[in-house]
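*Asks:* Input file: input.pdb. Contents: PDB, C-alpha atoms.
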ATOM      1  CA  MET A 393      43.345  -3.396 -34.687
ATOM      2  CA  GLN A 394      40.826  -6.230 -34.690
ATOM      3  CA  ASN A 395      40.419  -5.982 -30.900
ATOM      4  CA  LYS A 396      39.701  -2.244 -31.175
ATOM      5  CA  THR A 397      37.113  -2.887 -33.879
ATOM      6  CA  THR A 398      35.464  -5.566 -31.741
ATOM      7  CA  LEU A 399      35.387  -3.265 -28.717
ATOM      8  CA  LEU A 400      33.906  -0.458 -30.810
ATOM      9  CA  ALA A 401      31.239  -2.762 -32.236
ATOM     10  CA  THR A 402      30.376  -3.984 -28.725
ATOM     11  CA  ALA A 403      30.087  -0.411 -27.438
ATOM     12  CA  VAL A 404      27.822   0.557 -30.344
ATOM     13  CA  MET A 405      25.640  -2.506 -29.756
ATOM     14  CA  PHE A 406      25.401  -1.735 -26.022
ATOM     15  CA  ALA A 407      24.438   1.883 -26.768
ATOM     16  CA  ALA A 408      21.756   0.664 -29.177
ATOM     17  CA  ILE A 409      20.313  -1.662 -26.518
ATOM     18  CA  VAL A 410      20.205   1.173 -23.970
ATOM     19  CA  PHE A 411      18.473   3.410 -26.522
ATOM     20  CA  LEU A 412      15.869   0.725 -27.264
ATOM     21  CA  PHE A 413      15.119   0.364 -23.552
ATOM     22  CA  TRP A 414      14.779   4.148 -23.282
ATOM     23  CA  GLN A 415      12.410   4.207 -26.252
ATOM     24  CA  ASN A 416      10.332   1.446 -24.699
ATOM     25  CA  ASP A 417      10.024   3.413 -21.430
ATOM     26  CA  GLN A 418       8.913   6.470 -23.386
ATOM     27  CA  ARG A 419       6.202   4.457 -25.135
ATOM     28  CA  ILE A 420       4.996   2.987 -21.847
ATOM     29  CA  PHE A 421       4.423   6.413 -20.330
ATOM     30  CA  GLN A 422       3.561   8.359 -23.487
ATOM     31  CA  ASP A 423      -0.009   9.198 -22.355
ATOM     32  CA  GLN A 424       1.292  12.044 -20.201
ATOM     33  CA  GLY A 425      -1.457  13.558 -18.101
ATOM     34  CA  ARG A 426      -4.298  11.465 -19.552
ATOM     35  CA  LEU A 427      -6.683   9.570 -17.290
ATOM     36  CA  ALA A 428      -8.567   6.703 -18.922
ATOM     37  CA  VAL A 429     -11.986   5.963 -17.412
ATOM     38  CA  ARG A 430     -14.208   2.971 -18.162
ATOM     39  CA  PRO A 431     -16.920   0.916 -16.434
ATOM     40  CA  ASP A 432     -15.656  -2.307 -14.840
ATOM     41  CA  PRO A 433     -16.875  -5.140 -17.107
ATOM     42  CA  GLU A 434     -16.944  -7.514 -14.117
ATOM     43  CA  ASP A 435     -18.858  -5.251 -11.727
ATOM     44  CA  ARG A 436     -21.785  -3.066 -12.834
ATOM     45  CA  ASP A 437     -21.336  -0.909  -9.711
ATOM     46  CA  ALA A 438     -17.649  -0.101 -10.338
ATOM     47  CA  VAL A 439     -15.656   2.235 -12.555
ATOM     48  CA  ILE A 440     -11.955   1.958 -13.396
ATOM     49  CA  PHE A 441      -9.618   4.962 -13.430
ATOM     50  CA  THR A 442      -6.336   4.097 -15.199
ATOM     51  CA  TRP A 443      -3.272   6.318 -14.795
ATOM     52  CA  ASN A 444      -0.375   5.289 -17.053
ATOM     53  CA  SER A 445       1.975   8.220 -16.527
ATOM     54  CA  ALA A 446       4.205  10.087 -14.096
ATOM     55  CA  ILE A 447       2.771  11.558 -10.901
ATOM     56  CA  ASP A 448       2.567  15.119 -12.105
ATOM     57  CA  VAL A 449       0.179  17.941 -12.991
ATOM     58  CA  PRO A 450      -2.667  17.598 -13.970
ATOM     59  CA  MET A 451      -3.192  14.207 -12.272
ATOM     60  CA  ALA A 452      -5.139  15.499  -9.255
ATOM     61  CA  ARG A 453      -7.406  17.632 -11.435
ATOM     62  CA  ARG A 454      -8.080  14.706 -13.777
ATOM     63  CA  PHE A 455      -9.068  12.508 -10.833
ATOM     64  CA  GLU A 456     -11.270  15.247  -9.384
ATOM     65  CA  GLU A 457     -13.035  15.738 -12.726
ATOM     66  CA  ALA A 458     -13.567  12.012 -13.254
ATOM     67  CA  PHE A 459     -14.911  11.549  -9.734
ATOM     68  CA  ASP A 460     -17.352  14.423 -10.178
ATOM     69  CA  ALA A 461     -18.567  12.831 -13.412
ATOM     70  CA  TRP A 462     -18.973   9.306 -12.016
ATOM     71  CA  LYS A 463     -19.712   9.604  -8.300
ATOM     72  CA  GLY A 464     -23.470   9.416  -8.815
ATOM     73  CA  LYS A 465     -23.215   6.381 -11.102
ATOM     74  CA  THR A 466     -21.038   4.015  -9.086
ATOM     75  CA  GLY A 467     -20.318   2.852  -5.564
ATOM     76  CA  ARG A 468     -16.782   1.535  -6.136
ATOM     77  CA  ILE A 469     -13.775   3.147  -7.799
ATOM     78  CA  VAL A 470     -10.837   1.043  -8.965
ATOM     79  CA  ILE A 471      -7.612   2.992  -9.516
ATOM     80  CA  GLU A 472      -5.150   1.219 -11.807
ATOM     81  CA  LEU A 473      -1.633   2.624 -11.517
ATOM     82  CA  ASN A 474       1.405   2.213 -13.752
ATOM     83  CA  SER A 475       3.773   5.026 -12.863
ATOM     84  CA  PRO A 476       7.487   5.810 -12.467
ATOM     85  CA  GLY A 477       6.672   8.245  -9.643
ATOM     86  CA  GLY A 478       7.131  11.999  -9.803
ATOM     87  CA  SER A 479       6.066  15.119  -7.953
ATOM     88  CA  LEU A 480       5.629  14.981  -4.168
ATOM     89  CA  SER A 481       3.299  17.980  -4.170
ATOM     90  CA  GLU A 482       1.067  16.636  -6.948
ATOM     91  CA  GLY A 483       1.063  13.230  -5.311
ATOM     92  CA  GLY A 484      -0.156  14.826  -2.091
ATOM     93  CA  ARG A 485      -3.001  16.509  -3.971
ATOM     94  CA  VAL A 486      -3.966  13.208  -5.599
ATOM     95  CA  ILE A 487      -4.099  11.575  -2.164
ATOM     96  CA  ASP A 488      -6.396  14.375  -0.963
ATOM     97  CA  VAL A 489      -8.768  13.602  -3.858
ATOM     98  CA  ILE A 490      -8.690   9.882  -3.042
ATOM     99  CA  GLU A 491      -9.492  10.614   0.603
ATOM    100  CA  LYS A 492     -12.467  12.647  -0.615
ATOM    101  CA  MET A 493     -13.606   9.666  -2.704
ATOM    102  CA  LYS A 494     -13.339   7.340   0.300
ATOM    103  CA  ARG A 495     -15.870   9.358   2.298
ATOM    104  CA  THR A 496     -18.669   8.090   0.066
ATOM    105  CA  HIS A 497     -17.196   5.325  -2.121
ATOM    106  CA  VAL A 498     -15.146   2.139  -1.836
ATOM    107  CA  VAL A 499     -11.711   2.760  -3.392
ATOM    108  CA  GLU A 500      -9.518  -0.090  -4.625
ATOM    109  CA  THR A 501      -5.991   0.320  -6.005
ATOM    110  CA  ARG A 502      -4.285  -2.034  -8.457
ATOM    111  CA  VAL A 503      -0.980  -2.512 -10.261
ATOM    112  CA  GLY A 504      -1.251  -5.030 -13.073
ATOM    113  CA  ALA A 505       1.099  -7.493 -14.740
ATOM    114  CA  GLY A 506       4.080  -5.681 -16.232
ATOM    115  CA  GLY A 507       3.144  -2.544 -14.300
ATOM    116  CA  VAL A 508       5.372  -0.489 -12.034
ATOM    117  CA  CYS A 509       4.669   1.616  -8.972
ATOM    118  CA  LEU A 510       7.770   3.577  -8.096
ATOM    119  CA  SER A 511       8.555   6.307  -5.587
ATOM    120  CA  MET A 512       5.556   8.671  -5.098
ATOM    121  CA  CYS A 513       3.251   6.140  -6.732
ATOM    122  CA  VAL A 514       3.498   3.946  -3.618
ATOM    123  CA  PRO A 515       1.833   6.378  -1.151
ATOM    124  CA  ILE A 516      -1.016   6.840  -3.643
ATOM    125  CA  TYR A 517      -1.441   3.081  -3.997
ATOM    126  CA  LEU A 518      -1.484   2.695  -0.201
ATOM    127  CA  ARG A 519      -4.657   4.807   0.040
ATOM    128  CA  GLY A 520      -6.737   1.988  -1.394
ATOM    129  CA  ALA A 521      -9.023   0.244   1.090
ATOM    130  CA  ARG A 522      -8.347  -2.893  -0.964
ATOM    131  CA  ARG A 523      -4.984  -3.196  -2.705
ATOM    132  CA  ILE A 524      -4.381  -5.691  -5.498
ATOM    133  CA  ALA A 525      -1.277  -6.334  -7.613
ATOM    134  CA  ALA A 526       0.197  -8.822 -10.037
ATOM    135  CA  PRO A 527       3.023 -11.021  -8.698
ATOM    136  CA  SER A 528       5.318  -9.662 -11.437
ATOM    137  CA  SER A 529       4.567  -5.986 -10.755
ATOM    138  CA  ARG A 530       7.628  -3.941  -9.778
ATOM    139  CA  TRP A 531       7.896  -1.550  -6.844
ATOM    140  CA  MET A 532      10.522   0.938  -5.730
ATOM    141  CA  PHE A 533      10.843   2.755  -2.422
ATOM    142  CA  HIS A 534      13.393   5.526  -1.923
ATOM    143  CA  GLN A 535      14.020   8.680   0.036
ATOM    144  CA  PRO A 536      12.480  11.727  -1.666
ATOM    145  CA  THR A 537      14.701  14.153  -3.529
ATOM    146  CA  THR A 538      14.295  17.919  -3.859
ATOM    147  CA  ARG A 539      13.906  19.182  -7.430
ATOM    148  CA  ASP A 540      13.947  22.625  -8.982
ATOM    149  CA  PHE A 541      10.399  23.789  -9.771
ATOM    150  CA  PHE A 542      11.310  25.141 -13.234
ATOM    151  CA  THR A 543      13.996  22.720 -14.480
ATOM    152  CA  ASP A 544      12.939  19.541 -12.598
ATOM    153  CA  GLU A 545      16.624  18.936 -11.897
ATOM    154  CA  LYS A 546      17.740  17.461  -8.585
ATOM    155  CA  VAL A 547      18.788  20.117  -6.081
ATOM    156  CA  ASP A 548      21.708  19.423  -3.770
ATOM    157  CA  GLU A 549      20.821  20.205  -0.180
ATOM    158  CA  PRO A 550      22.596  19.780   3.173
ATOM    159  CA  ALA A 551      22.512  16.257   4.570
ATOM    160  CA  PHE A 552      20.431  17.272   7.581
ATOM    161  CA  GLU A 553      17.736  18.753   5.289
ATOM    162  CA  THR A 554      17.672  15.538   3.262
ATOM    163  CA  ARG A 555      17.179  13.539   6.458
ATOM    164  CA  MET A 556      14.404  15.861   7.637
ATOM    165  CA  THR A 557      12.602  15.638   4.289
ATOM    166  CA  ALA A 558      12.882  11.851   4.362
ATOM    167  CA  ARG A 559      11.511  11.670   7.924
ATOM    168  CA  ARG A 560       8.542  13.898   7.068
ATOM    169  CA  PHE A 561       7.779  11.845   3.960
ATOM    170  CA  PHE A 562       8.094   8.553   5.859
ATOM    171  CA  LYS A 563       5.877   9.702   8.726
ATOM    172  CA  ARG A 564       3.211  11.233   6.515
ATOM    173  CA  TYR A 565       2.858   8.431   3.985
ATOM    174  CA  PHE A 566       4.180   5.232   5.569
ATOM    175  CA  VAL A 567       3.775   5.535   9.350
ATOM    176  CA  HIS A 568       0.157   6.612   8.882
ATOM    177  CA  SER A 569      -0.669   3.732   6.560
ATOM    178  CA  ASP A 570      -1.583   0.044   6.672
ATOM    179  CA  MET A 571       2.052  -0.956   6.124
ATOM    180  CA  ASP A 572       3.232  -3.631   8.576
ATOM    181  CA  PRO A 573       5.215  -1.883  11.380
ATOM    182  CA  ASP A 574       8.098  -4.399  11.415
ATOM    183  CA  TRP A 575       8.461  -4.352   7.630
ATOM    184  CA  ARG A 576       8.245  -0.554   7.702
ATOM    185  CA  ALA A 577      11.077  -0.341  10.246
ATOM    186  CA  LYS A 578      13.254  -2.524   8.026
ATOM    187  CA  LEU A 579      12.400  -0.372   5.002
ATOM    188  CA  GLU A 580      13.458   2.754   6.879
ATOM    189  CA  ARG A 581      16.851   1.176   7.534
ATOM    190  CA  ASP A 582      17.300  -0.223   4.024
ATOM    191  CA  TRP A 583      16.342   2.809   1.960
ATOM    192  CA  ARG A 584      18.982   5.182   3.359
ATOM    193  CA  GLY A 585      21.156   6.171   0.443
ATOM    194  CA  GLY A 586      19.622   3.779  -2.056
ATOM    195  CA  ASP A 587      16.564   2.391  -3.790
ATOM    196  CA  VAL A 588      14.645  -0.609  -2.448
ATOM    197  CA  TRP A 589      13.145  -2.729  -5.234
ATOM    198  CA  LYS A 590      10.479  -5.381  -4.747
ATOM    199  CA  THR A 591       8.034  -7.392  -6.811
ATOM    200  CA  GLY A 592       4.384  -7.736  -5.884
ATOM    201  CA  GLN A 593       5.086 -11.351  -4.928
ATOM    202  CA  GLU A 594       7.922 -10.328  -2.603
ATOM    203  CA  LEU A 595       5.787  -7.711  -0.862
ATOM    204  CA  VAL A 596       3.177 -10.353  -0.082
ATOM    205  CA  ASP A 597       5.720 -13.022   0.894
ATOM    206  CA  GLU A 598       7.457 -10.584   3.265
ATOM    207  CA  GLY A 599       4.194  -9.572   4.933
ATOM    208  CA  ALA A 600       4.614  -5.880   4.088
ATOM    209  CA  ASN A 601       0.824  -5.327   3.901
ATOM    210  CA  VAL A 602       1.410  -2.970   0.992
ATOM    211  CA  VAL A 603      -0.222  -5.405  -1.432
ATOM    212  CA  MET A 604      -3.200  -7.154   0.200
ATOM    213  CA  ALA A 605      -3.809  -9.763  -2.504
ATOM    214  CA  LEU A 606      -2.250 -11.013  -5.731
ATOM    215  CA  GLU A 607      -4.075 -11.551  -8.998
TER     216      GLU A 607
END
Let me see the file written as structure tokens.
*Replies:*
Amino acid sequence: MQNKTTLLATAVMFAAIVFLFWQNDQRIFQDQGRLAVRPDPEDRDAVIFTWNSAIDVPMARRFEEAFDAWKGKTGRIVIELNSPGGSLSEGGRVIDVIEKMKRTHVVETRVGAGGVCLSMCVPIYLRGARRIAAPSSRWMFHQPTTRDFFTDEKVDEPAFETRMTARRFFKRYFVHSDMDPDWRAKLERDWRGGDVWKTGQELVDEGANVVMALE
């Protein structure tokens, strides 16, 4: 009887820990869809765009609006990211806005201490002409998944379609990027069927050329 009680107490404690972690994640990304904009206190010619949320609507529109408001006041835009990833289509639109910024402005991307850049966040980060990250920042690369537009639930698709989607994603966002070719080839092998996790320090140590410098 005592063993059963101990097991039950352990299970309850474990469930409580999981719930606390879940709550913490919700607090981290609670500013859904809000872009914070402020002048860079260390550079009078720079403005900082901070996105602390999933890659989802209305991210592209928020970036477009902020750029329109600030493009005549600054020559450098710093994009701070802290995101669990999200929508491929919205991420593509955000990248289009960043490419528009780069025609006239210097664009830098950053992931700070304690920050994460997972999944679709990585291609957005890679658009920075200068890319900075904290050694402790966390990164995740994985093959894209298809999700239902209305429910956001994962959609099962034939294996060949999954492979095709992954190839298109890889070619569009990683092959045509500054990522080191040898590291990229290893990533393509490693990410099949699983997630590849790295820290900012590991990306620099491995010569991935995802992160250009640590701070």
*Asks:* May I ask which of the residues A:Gly585, A:Pro450, A:Arg522, A:Trp531 is the closest one to Ser481 of chain A, counting all atoms listed in the file?
*Replies:*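 With all atoms listed in the file as the atom set, the closest residue is A:Pro450.
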*Asks:* Using only C-alpha atoms, which of A:Asp572, A:Glu491, A:Glu580, A:Glu457 sits nearest Val429 of chain A?
*Replies:*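 Comparing A:Asp572, A:Glu491, A:Glu580, A:Glu457 against Val429 of chain A, the winner is A:Glu457.
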*Asks:* With all atoms listed in the file as the counted atoms, please give the residues lying no more than 10 Å from His534 of chain A, apart from itself and same-chain residues fewer than 5 positions off, as a ChimeraX atom specification.
*Replies:* /A:510-512,558,562,579-580,582-589
*Asks:* Between A:Thr557, A:Thr466, A:Ser445, A:Ser569, which is the closest to Ala521 of chain A once you count all atoms listed in the file?
*Replies:*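 Comparing A:Thr557, A:Thr466, A:Ser445, A:Ser569 against Ala521 of chain A, the winner is A:Ser569.
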*Asks:* Since I can't run it myself right now, could you work out what the PyMOL selection byres ((chain A and resi 453) around 12) selects here and report it as a list in words?
*Replies:* Gly425, Arg426, Leu427, Ile447, Asp448, Val449, Pro450, Met451, Ala452, Arg454, Phe455, Glu456, Glu457, Ala458, Phe459, Asp460, Glu482, Gly483, Arg485, Val486, Ile487, Asp488, Val489 and Ile490 of chain A
